[in-house]
Structure formats: C-alpha cells, structure tokens
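Q: What follows is a single structure, and I will ask about it in a moment.
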Amino acid sequence: MSIINYASKEIQFKIVYYGPALCGKTTNLAYIHSRIAPENRGDLVSLATAADRTLFFDFLPLNAVVIKGFKTKFQLYTVPGQVIYNATRQLVLRSVDGIVYVADSQWDKMEENIESFRNLEENLGKQNLSLEDIPYVIQYNKRDLPNTAPVHYMDFLLNNRKKRVQNFEVISSTGQNVFAALNAVSQLLLHKFSKESDSKPSANPVGIPAAG
Amino acid sequence: MDSIPALTIEDVAHIDGVLQDYLQKSESDLAVIIDKGGNVISQYGDLEVMDVTIIAALAAGSFAATKELARRIGEIEFNALYHQGNGSHIFMNSIDDDTIMITVFGSQTTVGLVRFYSTSAAHALAQVLKDLREKASGGFQFDAEDLGDAQVFDKT
C-alpha cells in the first residue's frame, strides 16, 4: 500500500509487471529505464541468473508528475515468470498498488499466459486482494513476431472479467506502446485515490478496442 | 473510499526524533524505516551517499527471502539480519509485523552497539506506528481536477 509523507511531500506507488516466463517484463523495464531522463530515475536493479533470467525481481524507481506540490514516485518491479518461483512472486506482490500484466502473443504461449494470469489472481487472493480492487492493464507483447494470436482471441482468454480493462499491443524490444501501458496504469492508480472516484465507481473509462 | 495513509509533519518529526536519538547513541550513519513491500516510510541520517529507494526494495526482498530459512528451524521469521561488509555494514530488524528498520553503519561503531540500541528504538517506533494506525485520520485523496489526463511519464 502506498503511503504519503507530508514532510517530504512525496507519494510512493508500487507497480508490478506480471506474466509468464520470457514474456518481456524485464525488457519493458529496460526500455523505460533507457527513455526516462536520468534525473527522474534511479538505477535499474536486476537480480538475475547468469543466463539473464530474473531470479528475484527487477526494480526501477521513477519520479513522475508533481501534483499540488506532491512529488509522485513510482517503483516498478517485475516478478520471476518461471513457475517454480511462486513464493518469490508472492513476496514481490506485497503492498502492490497497480499491475501491468504482460502476455506473450505467440500462439504456443497461450496456456502459459492463462496459467500465469490465474496464478496472479491466486497470489493476490492470498493477500486478501483481488483484481477488482487493483488497477491493472494488459499488454499483448511481441506483436512483431509472425505467429501471434489475434487481439480479440487474447482478450477472450485473458480480458474476460466482468470489467474489461485497457489492453495494449506492445513490442517491448522496440518500445512500442510500453509507455502507453505505463501511463495508463499510472493514471488509473492516481484516479483511484481521487475524490471523484467516490461518486464514479468505475473511475476511469477505459478504451476497449472493438473486437475483430 | 480509497485514500492513501498519511504521515503528517508531526508524525514525521516524532519518528525523526526517535531515529536521531538512535543514530547518535549507536553512532550509525543512516536509518530507514520501510514496510515489508519495500516502500520507504521514513529515513534519517546521511542520505547523500546512497539511493534509499533501492536499498529499501532490496532490504525488503532480503528480509522476505530469509523467511523460508527461518521456517526450517521452527521460526516464523528472523527478527534481525546482519550483512557484514569490509567498511560498511547493514543491520535490519523488525519493528512490527509490517515494518522493518534498516541501519547502515561503518567502522566507527560495532554491530553489538547497533543491535543493543536498535531494540529500544524499534520498541519506540512500534508504539509510534501503532498510534498512527489507530488515529482515525481520513488519509489523503487527490482532487480529480488536479489529476487531469496528462501523461504521468514522458519519454525522452
């Protein structure tokens, strides 16, 4: 859970990039790190194995907009995608404020995408949280590869909850839509904590592309 | 209603008072209070040399990672952890179920002294944080018009 410090005039939020192994979560953070001005970001910390697989998490602290004199700070984390590291994913999800779910668009990864999404729901449940309460967006990554499933099919598999969320067709290696997804989840998150959200339960109308 | 838990200027001054006293007595350089999710709650001391947010994220991870180790010997989790370097060291101890204090210190003091004073500092801070949680303050909310639809992050 975020906390606001009136002495330092700072608000911190924690955003977790979640998804199956090798779907591009670390690539997302690496791209963001490369495109944010150095004065507005810290180091990208990666706890990875020798083969560059995320072992514990990646972490990137960012400074963002100033709202009414309060500096907003976002901490971006990735989880390790490999199935065996579930205990680690639970740790990283602790105190999460927003989630970017990264799905791999390749046809043969659909089962892993679904399994990882279910795993996210389960792990949130263990902390008495649910996707109903936490702002999240979905990335369909690797759209540049030849064997990708259509977006409406991926929506059918992954974006099929009562409240559908914003999705993004992403190529994280080139950065396409990486910032669009980050900005979308950050906006949802800020609006969740606005006075307006009390009267409008669905705080931010999200743009859902027409199926087809 | 969703609101953000708030630390007022008085709360921070209260916490800083405890930390200042602790750093003086233990002759340490830096004390940081974090929640177990890695968020910094408060910090005091020599902040120029380190990126505190990164230390907080890694310390929370380190604390959590040893929980499984603790369970193997019949503990729920370890109350304190010590990382020894050549010139700089880190000591971490639990304040309460959700909060950890990180202390960074150098060769001017000893881990024994830090450990000794950290216990009373943790007790004092636990009380401050308990009072804060019980305080029926409404928390913080943004005004919708201040948020707008502006980009939160800009690419360079």
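Residues are referred to by chain and number: the chain letter is A, B, ... according to the order shown in the structure tokens, the number counts from 1 in that chain, and ligands are numbered separately from 1 in the order shown.
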Would you list which chain B residues are within 9 Å of chain A using only C-alpha atoms, as a ChimeraX atom specification?

A: /B:1-13,35-42,51,53-54,57-58,60-61,64-65,139-156

Q: Which polymer residues have any atom within 8 Å of an atom of Arg89 (chain A), counting only C-alpha atoms, with same-chain residues fewer than 4 positions away left out, as a PyMOL selection string?

A: chain A and resi 79-80+85+93+123

Q: Just C-alpha atoms for this one: save the residues we selected as a PDB file, in the first residue's frame.

A:
ATOM      1  CA  VAL A  79       8.348 -10.896 -10.918  1.00  0.00           C
ATOM      2  CA  PRO A  80      10.244 -14.010 -11.995  1.00  0.00           C
ATOM      3  CA  TYR A  85       9.382 -19.192  -8.267  1.00  0.00           C
ATOM      4  CA  LEU A  93       3.270  -8.582  -4.891  1.00  0.00           C
ATOM      5  CA  ASN A 123      -1.461 -14.848  -5.243  1.00  0.00           C
TER       6      ASN A 123
END

Q: Near Ser107 (chain B), within 10 Å and counting only C-alpha atoms, which residues show up once chain neighbours fewer than 3 positions away are dropped, as a list of chain:residue names?

A: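 What passes the distance filter is B:Glu27, B:Ser28, B:Gly85, B:Asn86, B:Gly87, B:Ser88, B:His89, B:Thr110, B:Val111.
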
Q: Could you please write out, as a PyMOL selection string, every residue of chain B that DSSP assigns to strand (DSSP E or B)?

A: chain B and resi 4+6-7+30-35+40-45+80-83+89-96+99-105+140+142

Q: Contacts of Asn93 (chain B) at 10 Å or less, counting only C-alpha atoms, minus same-chain residues fewer than 3 places along, as a list in words?

A: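 Close residues of Asn93 (chain B): Ile33, Phe63, Phe78, Asn79, Ala80, Leu81, Tyr82, Asp96, Thr99, Ile100, Met101, Ile102, Thr103, Arg115, Ser118, Thr119 and Ala122 of chain B.
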
Q: Go ahead and write the residues just picked, C-alpha atoms, as an mmCIF file, in the first residue's frame.

A:
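Below is the file that was written, out.cif:
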data_model
loop_
_atom_site.group_PDB
_atom_site.id
_atom_site.type_symbol
_atom_site.label_atom_id
_atom_site.label_comp_id
_atom_site.auth_asym_id
_atom_site.auth_seq_id
_atom_site.Cartn_x
_atom_site.Cartn_y
_atom_site.Cartn_z
ATOM 1 C CA ILE B 33 12.003 2.617 8.080
ATOM 2 C CA PHE B 63 14.209 -9.940 4.734
ATOM 3 C CA PHE B 78 14.025 -13.852 11.670
ATOM 4 C CA ASN B 79 13.687 -10.714 13.784
ATOM 5 C CA ALA B 80 17.010 -9.307 12.672
ATOM 6 C CA LEU B 81 19.544 -9.704 9.874
ATOM 7 C CA TYR B 82 23.116 -8.511 9.611
ATOM 8 C CA ASP B 96 6.306 -4.877 13.919
ATOM 9 C CA THR B 99 7.647 -2.730 9.253
ATOM 10 C CA ILE B 100 11.434 -3.064 9.204
ATOM 11 C CA MET B 101 14.197 -0.693 10.280
ATOM 12 C CA ILE B 102 17.403 -0.678 8.226
ATOM 13 C CA THR B 103 20.575 0.700 9.796
ATOM 14 C CA ARG B 115 21.982 -4.170 17.888
ATOM 15 C CA SER B 118 18.114 -0.873 17.806
ATOM 16 C CA THR B 119 15.943 -2.868 20.201
ATOM 17 C CA ALA B 122 12.254 -0.476 17.452
#

Q: Kindly give the distance, in Å, that separates CA of Asn119 (chain A) and CA of Gly74 (chain B), rounded to a single decimal.

A: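 Taking CA of Asn119 (chain A) as the start and CA of Gly74 (chain B) as the end point, the length is 27.9 Å.
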
Q: Enter the distance from CA of Ser94 (chain B) to CA of Leu47 (chain B), in Å, rounded to one decimal.

A: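 About the pair CA of Ser94 (chain B) and CA of Leu47 (chain B): they are 21.4 Å apart.
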
Q: Report, in Å to a single decimal, how far apart CA of Thr109 (chain B) and CA of His14 (chain B) are.

A: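 CA of His14 (chain B) sits 25.1 Å away from CA of Thr109 (chain B).
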
Q: Could you check the closest approach to Val52 (chain B) for each of B:Val104, B:Asp97, B:His83, B:Glu75 and tell me which residue wins, using only C-alpha atoms?

A: B:Val104

Q: Using only C-alpha atoms, which residues sit within 10 Å of region 160-177 of chain A once same-chain residues fewer than 6 positions away are excluded, as a VMD selection string?

A: chain A and resid 23 to 32 34 to 35 100 to 105 131 to 132 135 to 145 151 154 183 to 185 202 205 to 209
